$ cat upload_15.tsv   # TSV, C-alpha atoms
chain	number	residue	atom	x	y	z
C	1	MET	CA	0.00	0.00	0.00
C	2	THR	CA	1.33	3.38	-0.95
C	3	THR	CA	0.26	6.69	0.41
C	4	ARG	CA	0.25	9.68	-1.88
C	5	ILE	CA	-0.68	13.28	-1.39
C	6	VAL	CA	-2.49	15.05	-4.20
C	7	GLU	CA	-2.12	18.82	-4.05
C	8	LEU	CA	-5.36	20.46	-5.13
C	9	ARG	CA	-5.37	24.07	-3.96
C	10	ARG	CA	-8.87	24.33	-5.27
C	11	GLY	CA	-11.26	26.95	-4.01
C	12	ILE	CA	-14.45	25.39	-2.72
C	13	LEU	CA	-16.43	28.28	-4.17
C	14	LYS	CA	-14.50	28.11	-7.44
C	15	LYS	CA	-17.51	27.35	-9.60
C	16	ASN	CA	-19.45	30.31	-8.22
C	17	ASP	CA	-16.40	32.55	-8.49
C	18	GLU	CA	-15.90	31.58	-12.14
C	19	LEU	CA	-19.55	32.24	-12.98
C	20	ALA	CA	-19.36	35.55	-11.10
C	21	ALA	CA	-16.28	36.56	-13.08
C	22	GLY	CA	-18.23	35.87	-16.29
C	23	LEU	CA	-21.14	37.99	-15.06
C	24	ARG	CA	-18.77	40.79	-14.03
C	25	ALA	CA	-17.30	40.84	-17.54
C	26	ASN	CA	-20.82	40.96	-19.04
C	27	TYR	CA	-21.84	43.84	-16.77
C	28	ALA	CA	-18.71	45.77	-17.68
C	29	ALA	CA	-19.21	45.18	-21.41
C	30	ALA	CA	-22.84	46.35	-21.10
C	31	GLY	CA	-21.82	49.42	-19.08
C	32	VAL	CA	-24.29	48.67	-16.29
C	33	LEU	CA	-23.49	49.32	-12.63
C	34	VAL	CA	-24.54	46.30	-10.58
C	35	LEU	CA	-25.19	46.41	-6.84
C	36	ASN	CA	-25.88	43.55	-4.44
C	37	LEU	CA	-28.02	44.54	-1.43
C	38	VAL	CA	-27.59	42.40	1.68
C	39	SER	CA	-29.05	42.62	5.20
C	40	SER	CA	-31.00	40.75	7.85
C	41	PRO	CA	-34.66	40.05	7.16
C	42	GLY	CA	-36.72	43.14	8.03
C	43	THR	CA	-34.02	45.78	7.65
C	44	GLY	CA	-35.95	47.51	4.90
C	45	LYS	CA	-34.06	46.50	1.75
C	46	THR	CA	-37.24	46.51	-0.30
C	47	ALA	CA	-38.47	49.91	0.92
C	48	PHE	CA	-35.01	51.40	0.37
C	49	LEU	CA	-34.75	49.87	-3.09
C	50	GLU	CA	-38.31	50.92	-3.99
C	51	ARG	CA	-37.41	54.53	-3.26
C	52	THR	CA	-34.05	54.26	-5.02
C	53	LEU	CA	-35.66	52.86	-8.19
C	54	ARG	CA	-38.33	55.55	-8.17
C	55	GLU	CA	-35.88	58.39	-7.69
C	56	LEU	CA	-33.44	57.08	-10.30
C	57	LYS	CA	-36.26	56.67	-12.81
C	58	ALA	CA	-37.41	60.22	-12.10
C	59	ARG	CA	-33.89	61.37	-12.95
C	60	GLY	CA	-34.07	59.56	-16.27
C	61	SER	CA	-31.88	56.57	-15.37
C	62	ARG	CA	-32.61	53.14	-16.77
C	63	VAL	CA	-32.95	50.75	-13.84
C	64	ALA	CA	-33.98	47.17	-13.13
C	65	ALA	CA	-33.96	44.83	-10.15
C	66	LEU	CA	-33.67	41.15	-9.36
C	67	VAL	CA	-35.05	40.21	-5.97
C	68	GLY	CA	-34.35	37.03	-4.05
C	69	ASP	CA	-36.63	35.40	-1.49
C	70	LEU	CA	-37.23	31.86	-0.36
C	71	GLU	CA	-40.88	32.07	-1.45
C	72	THR	CA	-43.49	34.56	-2.73
C	73	ASP	CA	-43.24	37.31	-5.31
C	74	ASN	CA	-44.47	39.97	-2.87
C	75	ASP	CA	-41.26	41.98	-3.06
C	76	ALA	CA	-41.17	41.90	-6.85
C	77	ARG	CA	-44.72	43.23	-6.95
C	78	ARG	CA	-43.85	46.00	-4.49
C	79	LEU	CA	-40.76	47.00	-6.45
C	80	ALA	CA	-42.57	46.84	-9.79
C	81	ALA	CA	-44.80	49.69	-8.58
C	82	SER	CA	-41.77	51.91	-9.27
C	83	GLY	CA	-42.27	51.19	-12.97
C	84	ALA	CA	-38.88	49.48	-13.28
C	85	PRO	CA	-38.58	45.95	-14.67
C	86	VAL	CA	-38.32	43.58	-11.70
C	87	ARG	CA	-37.82	39.85	-11.61
C	88	GLN	CA	-38.33	37.63	-8.57
C	89	ILE	CA	-35.94	34.79	-7.83
C	90	ASN	CA	-37.44	32.16	-5.51
C	91	THR	CA	-34.71	30.08	-3.95
C	92	HIS	CA	-37.15	27.57	-2.35
C	93	GLY	CA	-35.26	27.22	0.88
C	94	ILE	CA	-31.78	28.28	-0.14
C	95	CYS	CA	-30.62	31.11	2.10
C	96	HIS	CA	-28.63	33.15	-0.45
C	97	LEU	CA	-28.41	33.98	-4.15
C	98	ASP	CA	-25.54	32.53	-6.18
C	99	ALA	CA	-24.01	33.51	-9.50
C	100	GLU	CA	-25.78	30.72	-11.39
C	101	MET	CA	-29.24	31.91	-10.28
C	102	ILE	CA	-28.38	35.44	-11.41
C	103	GLY	CA	-27.12	34.24	-14.79
C	104	LYS	CA	-30.26	32.16	-15.39
C	105	HIS	CA	-32.63	34.96	-14.46
C	106	LEU	CA	-30.78	37.49	-16.60
C	107	ASP	CA	-30.81	35.16	-19.60
C	108	GLY	CA	-34.50	34.55	-19.71
C	109	TRP	CA	-35.60	38.06	-18.78
C	110	GLU	CA	-38.00	39.18	-21.46
C	111	GLY	CA	-37.64	42.79	-22.53
C	112	VAL	CA	-34.58	43.48	-20.40
C	113	ALA	CA	-31.11	43.73	-21.93
C	114	LEU	CA	-28.11	44.58	-19.77
C	115	GLY	CA	-26.84	46.97	-22.44
C	116	ALA	CA	-30.02	49.05	-22.10
C	117	LEU	CA	-29.58	49.56	-18.34
C	118	ASP	CA	-27.68	52.10	-16.25
C	119	TYR	CA	-28.20	50.29	-12.94
C	120	LEU	CA	-29.11	46.76	-11.97
C	121	PHE	CA	-29.93	46.13	-8.31
C	122	ILE	CA	-29.90	42.65	-6.83
C	123	GLU	CA	-31.80	42.38	-3.57
C	124	ASN	CA	-30.38	39.32	-1.84
C	125	VAL	CA	-32.21	36.96	0.51
C	126	GLY	CA	-32.42	38.48	4.00
C	127	ASN	CA	-29.48	36.82	5.74
C	128	LEU	CA	-26.25	38.26	7.09
C	129	VAL	CA	-24.26	35.03	6.89
C	130	CYS	CA	-24.22	32.99	3.66
C	131	PRO	CA	-24.62	35.78	1.08
C	132	SER	CA	-21.20	37.08	2.15
C	133	SER	CA	-19.52	34.06	0.51
C	134	TYR	CA	-21.30	34.28	-2.85
C	135	ASP	CA	-19.96	36.75	-5.35
C	136	LEU	CA	-22.68	37.76	-7.83
C	137	GLY	CA	-20.29	39.70	-10.03
C	138	GLU	CA	-21.47	42.97	-8.50
C	139	LYS	CA	-19.37	46.10	-8.49
C	140	ILE	CA	-20.74	47.27	-5.16
C	141	ARG	CA	-21.94	45.19	-2.25
C	142	VAL	CA	-24.21	47.25	-0.04
C	143	VAL	CA	-24.88	46.10	3.50
C	144	LEU	CA	-27.95	47.57	5.18
C	145	LEU	CA	-28.55	47.94	8.90
C	146	SER	CA	-31.70	49.38	10.46
C	147	VAL	CA	-31.86	51.46	13.62
C	148	THR	CA	-34.06	48.78	15.23
C	149	GLU	CA	-31.39	46.09	15.00
C	150	GLY	CA	-28.77	47.16	17.50
C	151	GLU	CA	-25.50	48.95	17.02
C	152	ASP	CA	-23.41	45.82	17.54
C	153	LYS	CA	-24.64	44.03	14.41
C	154	PRO	CA	-21.39	44.73	12.54
C	155	LEU	CA	-19.49	43.08	15.40
C	156	LYS	CA	-21.82	40.08	15.39
C	157	TYR	CA	-21.64	39.58	11.62
C	158	PRO	CA	-18.14	40.80	10.77
C	159	THR	CA	-17.74	38.63	7.68
C	160	MET	CA	-20.63	40.32	5.93
C	161	PHE	CA	-19.77	43.83	7.02
C	162	ASN	CA	-16.13	43.31	6.11
C	163	SER	CA	-17.01	42.18	2.60
C	164	ALA	CA	-19.22	45.22	1.86
C	165	ASP	CA	-18.26	48.26	-0.21
C	166	ALA	CA	-20.90	50.60	1.19
C	167	ALA	CA	-23.15	50.59	4.25
C	168	VAL	CA	-26.66	52.01	4.53
C	169	ILE	CA	-28.38	52.68	7.84
C	170	THR	CA	-32.15	52.51	7.30
C	171	LYS	CA	-35.21	53.79	9.21
C	172	MET	CA	-33.37	56.85	10.52
C	173	ASP	CA	-36.78	58.53	10.99
C	174	ILE	CA	-37.39	56.28	14.03
C	175	ALA	CA	-33.84	56.41	15.38
C	176	GLU	CA	-34.76	58.45	18.43
C	177	PRO	CA	-37.67	56.38	19.77
C	178	CYS	CA	-35.52	53.28	19.20
C	179	GLY	CA	-32.73	54.73	21.31
C	180	PHE	CA	-30.36	54.23	18.40
C	181	ASP	CA	-26.79	55.09	19.37
C	182	ARG	CA	-25.53	56.57	16.14
C	183	GLU	CA	-21.94	57.15	17.19
C	184	THR	CA	-21.51	53.56	18.35
C	185	ALA	CA	-23.08	52.18	15.18
C	186	LEU	CA	-20.80	54.25	12.95
C	187	ARG	CA	-17.76	53.31	15.01
C	188	ASN	CA	-18.61	49.59	14.87
C	189	ILE	CA	-19.06	49.63	11.10
C	190	ASN	CA	-15.77	51.42	10.68
C	191	GLU	CA	-14.00	49.05	13.08
C	192	ILE	CA	-15.00	46.08	10.88
C	193	ARG	CA	-14.67	47.76	7.49
C	194	PRO	CA	-12.31	50.71	7.83
C	195	GLY	CA	-13.03	53.62	5.51
C	196	ILE	CA	-16.35	52.32	4.15
C	197	ARG	CA	-18.90	54.90	2.89
C	198	ILE	CA	-21.88	55.03	5.23
C	199	PHE	CA	-25.28	56.48	4.31
C	200	GLU	CA	-27.87	57.35	6.96
C	201	THR	CA	-31.26	57.11	5.29
C	202	SER	CA	-34.99	56.91	5.64
C	203	ALA	CA	-36.99	55.50	2.74
C	204	LYS	CA	-40.07	57.01	4.37
C	205	THR	CA	-38.94	60.64	4.65
C	206	GLY	CA	-36.29	60.52	1.93
C	207	ALA	CA	-33.54	61.60	4.34
C	208	GLY	CA	-30.07	60.73	3.07
C	209	MET	CA	-31.36	59.66	-0.34
C	210	GLU	CA	-29.81	62.61	-2.14
C	211	GLU	CA	-26.33	61.67	-0.93
C	212	TRP	CA	-26.92	58.02	-1.83
C	213	LEU	CA	-28.09	58.87	-5.36
C	214	GLU	CA	-25.11	61.16	-5.82
C	215	TYR	CA	-22.81	58.29	-4.81
C	216	LEU	CA	-24.50	55.98	-7.34
C	217	ALA	CA	-24.06	58.55	-10.10
C	218	GLN	CA	-20.38	58.96	-9.25
C	219	GLU	CA	-19.79	55.22	-9.16
C	220	ARG	CA	-21.50	54.85	-12.49
C	221	ALA	CA	-19.53	57.66	-14.07
C	222	GLY	CA	-16.36	56.10	-12.72
C	223	ARG	CA	-17.10	52.87	-14.45
C	224	SER	CA	-17.87	54.05	-17.99
N	1	MET	CA	-15.75	28.97	8.97
N	2	ILE	CA	-16.60	26.62	11.84
N	3	PRO	CA	-14.39	23.48	11.80
N	4	GLU	CA	-16.83	21.54	14.00
N	5	SER	CA	-19.70	22.09	11.53
N	6	LEU	CA	-17.54	21.09	8.61
N	7	GLU	CA	-16.44	17.89	10.34
N	8	PHE	CA	-20.01	17.11	11.36
N	9	CYS	CA	-21.23	17.44	7.75
N	10	TRP	CA	-18.24	15.60	6.33
N	11	GLY	CA	-19.23	12.37	8.09
N	12	ILE	CA	-22.73	12.59	6.65
N	13	VAL	CA	-21.89	13.50	3.05
N	14	SER	CA	-19.04	10.99	2.78
N	15	GLU	CA	-21.16	8.08	4.05
N	16	GLY	CA	-21.64	5.42	1.37
N	17	THR	CA	-18.99	6.99	-0.87
N	18	PRO	CA	-15.35	5.89	-1.41
N	19	LEU	CA	-14.47	8.62	1.08
N	20	GLU	CA	-16.42	7.02	3.92
N	21	GLY	CA	-14.24	6.87	6.99
N	22	SER	CA	-11.85	9.50	5.70
N	23	ARG	CA	-10.62	12.17	8.03
N	24	LEU	CA	-10.93	15.86	7.41
N	25	VAL	CA	-8.00	17.97	8.54
N	26	VAL	CA	-9.03	21.60	8.88
N	27	ASP	CA	-6.41	24.28	8.94
N	28	VAL	CA	-7.84	27.56	10.18
N	29	LEU	CA	-5.94	30.61	8.95
N	30	PRO	CA	-6.04	33.75	11.06
N	31	VAL	CA	-6.87	37.09	9.48
N	32	VAL	CA	-3.76	38.94	8.34
N	33	VAL	CA	-4.01	42.61	7.41
N	34	HIS	CA	-1.48	44.96	5.94
N	35	CYS	CA	-0.74	47.98	8.10
N	36	ALA	CA	0.33	50.91	5.92
N	37	PRO	CA	1.82	53.06	8.73
N	38	CYS	CA	3.90	50.10	10.03
N	39	GLY	CA	4.68	48.99	6.49
N	40	GLN	CA	4.13	45.35	7.40
N	41	ASP	CA	1.55	42.61	7.79
N	42	ALA	CA	-0.12	41.94	11.13
N	43	THR	CA	-2.08	38.94	12.39
N	44	LEU	CA	-5.39	39.71	14.12
N	45	ASP	CA	-6.79	37.86	17.13
N	46	GLY	CA	-10.31	37.76	15.74
N	47	MET	CA	-12.71	39.80	13.67
N	48	GLN	CA	-13.94	42.31	16.23
N	49	SER	CA	-11.64	45.05	15.14
N	50	PHE	CA	-9.47	45.54	12.07
N	51	ARG	CA	-6.80	47.47	13.93
N	52	CYS	CA	-3.08	46.86	13.75
N	53	PRO	CA	-2.04	45.21	17.03
N	54	ARG	CA	1.22	47.17	16.90
N	55	CYS	CA	0.16	50.75	16.23
N	56	GLY	CA	-3.64	50.66	16.64
N	57	GLU	CA	-4.41	52.03	13.16
N	58	LEU	CA	-7.43	50.71	11.25
N	59	CYS	CA	-6.33	48.49	8.35
N	60	ALA	CA	-8.58	48.00	5.32
N	61	GLU	CA	-6.30	45.71	3.35
N	62	ILE	CA	-6.75	42.01	4.05
N	63	ARG	CA	-3.87	39.73	3.10
N	64	GLN	CA	-5.17	36.42	4.44
N	65	GLY	CA	-8.26	34.89	6.00
N	66	ARG	CA	-10.82	34.77	3.18
N	67	GLU	CA	-9.57	31.46	1.77
N	68	LEU	CA	-11.84	28.45	1.60
N	69	GLU	CA	-9.85	25.82	-0.24
N	70	ILE	CA	-9.22	22.13	-0.51
N	71	ASP	CA	-5.45	22.18	-0.09
N	72	SER	CA	-4.68	18.51	-0.72
N	73	ILE	CA	-5.93	14.98	-0.28
N	74	GLU	CA	-3.94	12.07	1.10
N	75	ILE	CA	-4.81	8.73	-0.45
N	76	ASP	CA	-3.82	5.19	0.49
N	77	ASP	CA	-3.79	3.33	-2.82
N	78	GLY	CA	-5.32	-0.10	-2.62
N	79	GLU	CA	-7.75	0.78	0.11
N	80	VAL	CA	-10.10	2.70	-2.10
N	81	LYS	CA	-13.35	0.79	-2.51
N	82	PRO	CA	-14.43	0.10	-6.10
$ encode --input "upload_15.tsv" --output "structure tokens"
Amino acid sequence: MTTRIVELRRGILKKNDELAAGLRANYAAAGVLVLNLVSSPGTGKTAFLERTLRELKARGSRVAALVGDLETDNDARRLAASGAPVRQINTHGICHLDAEMIGKHLDGWEGVALGALDYLFIENVGNLVCPSSYDLGEKIRVVLLSVTEGEDKPLKYPTMFNSADAAVITKMDIAEPCGFDRETALRNINEIRPGIRIFETSAKTGAGMEEWLEYLAQERAGRS
Amino acid sequence: MIPESLEFCWGIVSEGTPLEGSRLVVDVLPVVVHCAPCGQDATLDGMQSFRCPRCGELCAEIRQGRELEIDSIEIDDGEVKP
């Protein structure tokens, strides 16, 4: 009997990473800025995205969204009220979106061509754990945190916060009654992801949206 | 990455396959960041703060700790079931 060691050095997420690299190349060729929105369930991703889509459309931008949930197309119907093309991805129990699901839903999306879009938003499944490992080819990963969740969320879920490119604090209109400690929240985010851009917003009142939209425009200009 | 979870699942997924009874050796790599002011890499204790343990500066550049790889497999020829 002989014992041999086979060196593999193979990334376990290699297949997803390869698919994501293909998507990233497609997005770049089409000139579309792609963002992946991640948060816990209930943070307000859909409300924030609804407002973002509406405001971008009002400014003449061409936008679309893919939205992931385990079941139901409730979020897609809410987002479609903005007038933007929206497609629901039901994962049927899977707790995150992966690059293959994105590729499939982009391929068969009637009436939507990447080349005809300025922005594509992907609203991930509400989960602060698994989506951090799955690259969707996005240019910007946006992590959202609501004032009702506790300022220590970045410390509890460092992998997700560390992998993000921008952070959005939602529901700022109820920060005071929630006893939200803004300074601590900002410090914790910065401790986990030094230098990250942080937006303090309310989808209800529109607070902070102007700054967020300005950031999107700059990121888009930077890419084309 | 939680080694205990990985080992727990390994036993289940390898059952009834040629890898049944194989042992998983998990090598956990600590997070290493690059500290610009110090001009060198630094190993962090955990993920609660991305500060250089030497100078206390926040470090955004990660040099190690995101890997999730199968490094190698050790096989005893002749014992593999058909």
$ residues_around --input "upload_15.tsv" --residues "range 27-39 of chain C" --least-positions-apart "5" --cutoff "7 Å" --atoms "only C-alpha atoms" --output "JSON, numbers by chain"
{"C": [114, 115, 117, 118, 119, 120, 121, 122, 123, 124, 126, 127, 128, 138, 139, 140, 141, 142, 143, 144, 145, 220, 224]}
$ write_last_selection --input "upload_15.tsv" --atoms "C-alpha atoms" --output "mmCIF file, in the frame of the given file"
data_model
loop_
_atom_site.group_PDB
_atom_site.id
_atom_site.type_symbol
_atom_site.label_atom_id
_atom_site.label_comp_id
_atom_site.auth_asym_id
_atom_site.auth_seq_id
_atom_site.Cartn_x
_atom_site.Cartn_y
_atom_site.Cartn_z
ATOM 1 C CA LEU C 114 -28.110 44.580 -19.770
ATOM 2 C CA GLY C 115 -26.840 46.970 -22.440
ATOM 3 C CA LEU C 117 -29.580 49.560 -18.340
ATOM 4 C CA ASP C 118 -27.680 52.100 -16.250
ATOM 5 C CA TYR C 119 -28.200 50.290 -12.940
ATOM 6 C CA LEU C 120 -29.110 46.760 -11.970
ATOM 7 C CA PHE C 121 -29.930 46.130 -8.310
ATOM 8 C CA ILE C 122 -29.900 42.650 -6.830
ATOM 9 C CA GLU C 123 -31.800 42.380 -3.570
ATOM 10 C CA ASN C 124 -30.380 39.320 -1.840
ATOM 11 C CA GLY C 126 -32.420 38.480 4.000
ATOM 12 C CA ASN C 127 -29.480 36.820 5.740
ATOM 13 C CA LEU C 128 -26.250 38.260 7.090
ATOM 14 C CA GLU C 138 -21.470 42.970 -8.500
ATOM 15 C CA LYS C 139 -19.370 46.100 -8.490
ATOM 16 C CA ILE C 140 -20.740 47.270 -5.160
ATOM 17 C CA ARG C 141 -21.940 45.190 -2.250
ATOM 18 C CA VAL C 142 -24.210 47.250 -0.040
ATOM 19 C CA VAL C 143 -24.880 46.100 3.500
ATOM 20 C CA LEU C 144 -27.950 47.570 5.180
ATOM 21 C CA LEU C 145 -28.550 47.940 8.900
ATOM 22 C CA ARG C 220 -21.500 54.850 -12.490
ATOM 23 C CA SER C 224 -17.870 54.050 -17.990
#
$ interface_residues --input "upload_15.tsv" --of "chain C" --to "chain N" --cutoff "8 Å" --atoms "only C-alpha atoms" --output "VMD selection string"
chain C and resid 1 to 13 155 158 to 159 191 to 195
$ residues_around --input "upload_15.tsv" --residues "range 199-203 of chain C" --least-positions-apart "5" --cutoff "8 Å" --atoms "only C-alpha atoms" --output "VMD selection string"
chain C and resid 47 to 48 51 166 to 173 208 to 209 211 to 212
$ atom_distance --input "upload_15.tsv" --atom1 "CA of Thr184 in chain C" --atom2 "CA of Arg63 in chain N"
27.1 Å
$ atom_distance --input "upload_15.tsv" --atom1 "CA of Gln64 in chain N" --atom2 "CA of Val33 in chain N"
7.0 Å
$ atom_distance --input "upload_15.tsv" --atom1 "CA of Ser82 in chain C" --atom2 "CA of Gly60 in chain C"
12.9 Å
$ closest_residue --input "upload_15.tsv" --among "C:Gly222, C:Gly83, C:Gly179, C:Gly93" --to "Thr148 in chain C" --atoms "only C-alpha atoms"
C:Gly179
$ residues_around --input "upload_15.tsv" --residues "Thr46 in chain C" --least-positions-apart "6" --cutoff "8 Å" --atoms "only C-alpha atoms" --output "list in words"
Asp75, Arg78, Leu79 and Glu123 of chain C
$ closest_residue --input "upload_15.tsv" --among "C:Ala80, C:Ile189, C:Val86, C:Ala21" --to "Pro154 in chain C" --atoms "all atoms listed in the file"
C:Ile189
$ closest_residue --input "upload_15.tsv" --among "C:Asn188, C:Thr52, C:Ser132, C:Asn74" --to "Glu210 in chain C" --atoms "all atoms listed in the file"
C:Thr52
$ axis_aligned_box --input "upload_15.tsv" --around "range 201-206 of chain C" --padding-each-side "5 Å" --output "JSON"
{"center_x": -35.7, "center_y": 58.1, "center_z": 3.8, "size_x": 18.8, "size_y": 15.1, "size_z": 13.7}
$ closest_residue --input "upload_15.tsv" --among "C:Ala65, C:Val125, C:Ala175, C:Leu53" --to "Pro85 in chain C" --atoms "only C-alpha atoms"
C:Ala65
$ residues_around --input "upload_15.tsv" --residues "Leu44 in chain N" --least-positions-apart "5" --cutoff "7 Å" --atoms "all atoms listed in the file" --output "list in words"
Pro30, Val31 and Val32 of chain N
$ residues_around --input "upload_15.tsv" --residues "Arg54 in chain N" --least-positions-apart "2" --cutoff "10 Å" --atoms "all atoms listed in the file" --output "MDAnalysis selection string"
chainID N and resid 35 38 42:43 51:52 56:57
$ closest_residue --input "upload_15.tsv" --among "C:Gly111, C:Leu70, C:Pro41, C:Glu214" --to "Val129 in chain C" --atoms "all atoms listed in the file"
C:Pro41
$ build_atoms --input "upload_15.tsv" --residues "range 53-61 of chain N" --atoms "all heavy atoms" --output "CSV table (one decimal), in the frame of the given file"
chain,number,residue,atom,x,y,z
N,53,PRO,N,-2.4,45.4,15.6
N,53,PRO,CA,-2.0,45.2,17.0
N,53,PRO,C,-0.8,46.0,17.5
N,53,PRO,O,-0.6,46.2,18.7
N,53,PRO,CB,-1.8,43.7,17.1
N,53,PRO,CG,-1.7,43.2,15.8
N,53,PRO,CD,-2.3,44.2,14.8
N,54,ARG,N,0.0,46.4,16.5
N,54,ARG,CA,1.2,47.2,16.9
N,54,ARG,C,0.9,48.7,17.1
N,54,ARG,O,1.2,49.2,18.2
N,54,ARG,CB,2.3,47.1,15.8
N,54,ARG,CG,3.2,45.9,16.0
N,54,ARG,CD,4.3,45.9,14.9
N,54,ARG,NE,3.7,45.9,13.6
N,54,ARG,CZ,3.5,44.8,12.9
N,54,ARG,NH1,3.9,43.6,13.4
N,54,ARG,NH2,3.0,44.8,11.7
N,55,CYS,N,0.3,49.3,16.1
N,55,CYS,CA,0.2,50.8,16.2
N,55,CYS,C,-1.3,51.2,16.5
N,55,CYS,O,-1.5,52.4,16.7
N,55,CYS,CB,0.7,51.4,15.0
N,55,CYS,SG,-0.3,51.2,13.5
N,56,GLY,N,-2.3,50.3,16.4
N,56,GLY,CA,-3.6,50.7,16.6
N,56,GLY,C,-4.4,51.3,15.5
N,56,GLY,O,-5.5,51.7,15.6
N,57,GLU,N,-3.7,51.4,14.3
N,57,GLU,CA,-4.4,52.0,13.2
N,57,GLU,C,-5.4,51.0,12.6
N,57,GLU,O,-5.2,49.8,12.6
N,57,GLU,CB,-3.4,52.4,12.1
N,57,GLU,CG,-2.8,53.8,12.2
N,57,GLU,CD,-3.8,54.9,12.1
N,57,GLU,OE1,-4.6,54.9,11.1
N,57,GLU,OE2,-3.8,55.7,13.0
N,58,LEU,N,-6.5,51.6,12.0
N,58,LEU,CA,-7.4,50.7,11.2
N,58,LEU,C,-6.8,50.3,9.9
N,58,LEU,O,-6.2,51.1,9.3
N,58,LEU,CB,-8.7,51.5,11.0
N,58,LEU,CG,-9.7,51.6,12.2
N,58,LEU,CD1,-10.8,52.6,11.9
N,58,LEU,CD2,-10.3,50.2,12.5
N,59,CYS,N,-6.9,49.0,9.6
N,59,CYS,CA,-6.3,48.5,8.4
N,59,CYS,C,-7.4,47.9,7.5
N,59,CYS,O,-8.1,47.0,7.8
N,59,CYS,CB,-5.4,47.4,8.7
N,59,CYS,SG,-4.1,47.8,9.9
N,60,ALA,N,-7.5,48.4,6.2
N,60,ALA,CA,-8.6,48.0,5.3
N,60,ALA,C,-8.1,46.9,4.4
N,60,ALA,O,-8.9,46.1,3.8
N,60,ALA,CB,-9.1,49.2,4.5
N,61,GLU,N,-6.8,46.7,4.3
N,61,GLU,CA,-6.3,45.7,3.4
N,61,GLU,C,-6.1,44.3,4.0
N,61,GLU,O,-5.2,44.2,4.9
N,61,GLU,CB,-5.0,46.2,2.8
N,61,GLU,CG,-4.6,45.5,1.5
N,61,GLU,CD,-3.2,45.9,1.0
N,61,GLU,OE1,-2.8,47.1,1.3
N,61,GLU,OE2,-2.5,45.0,0.5
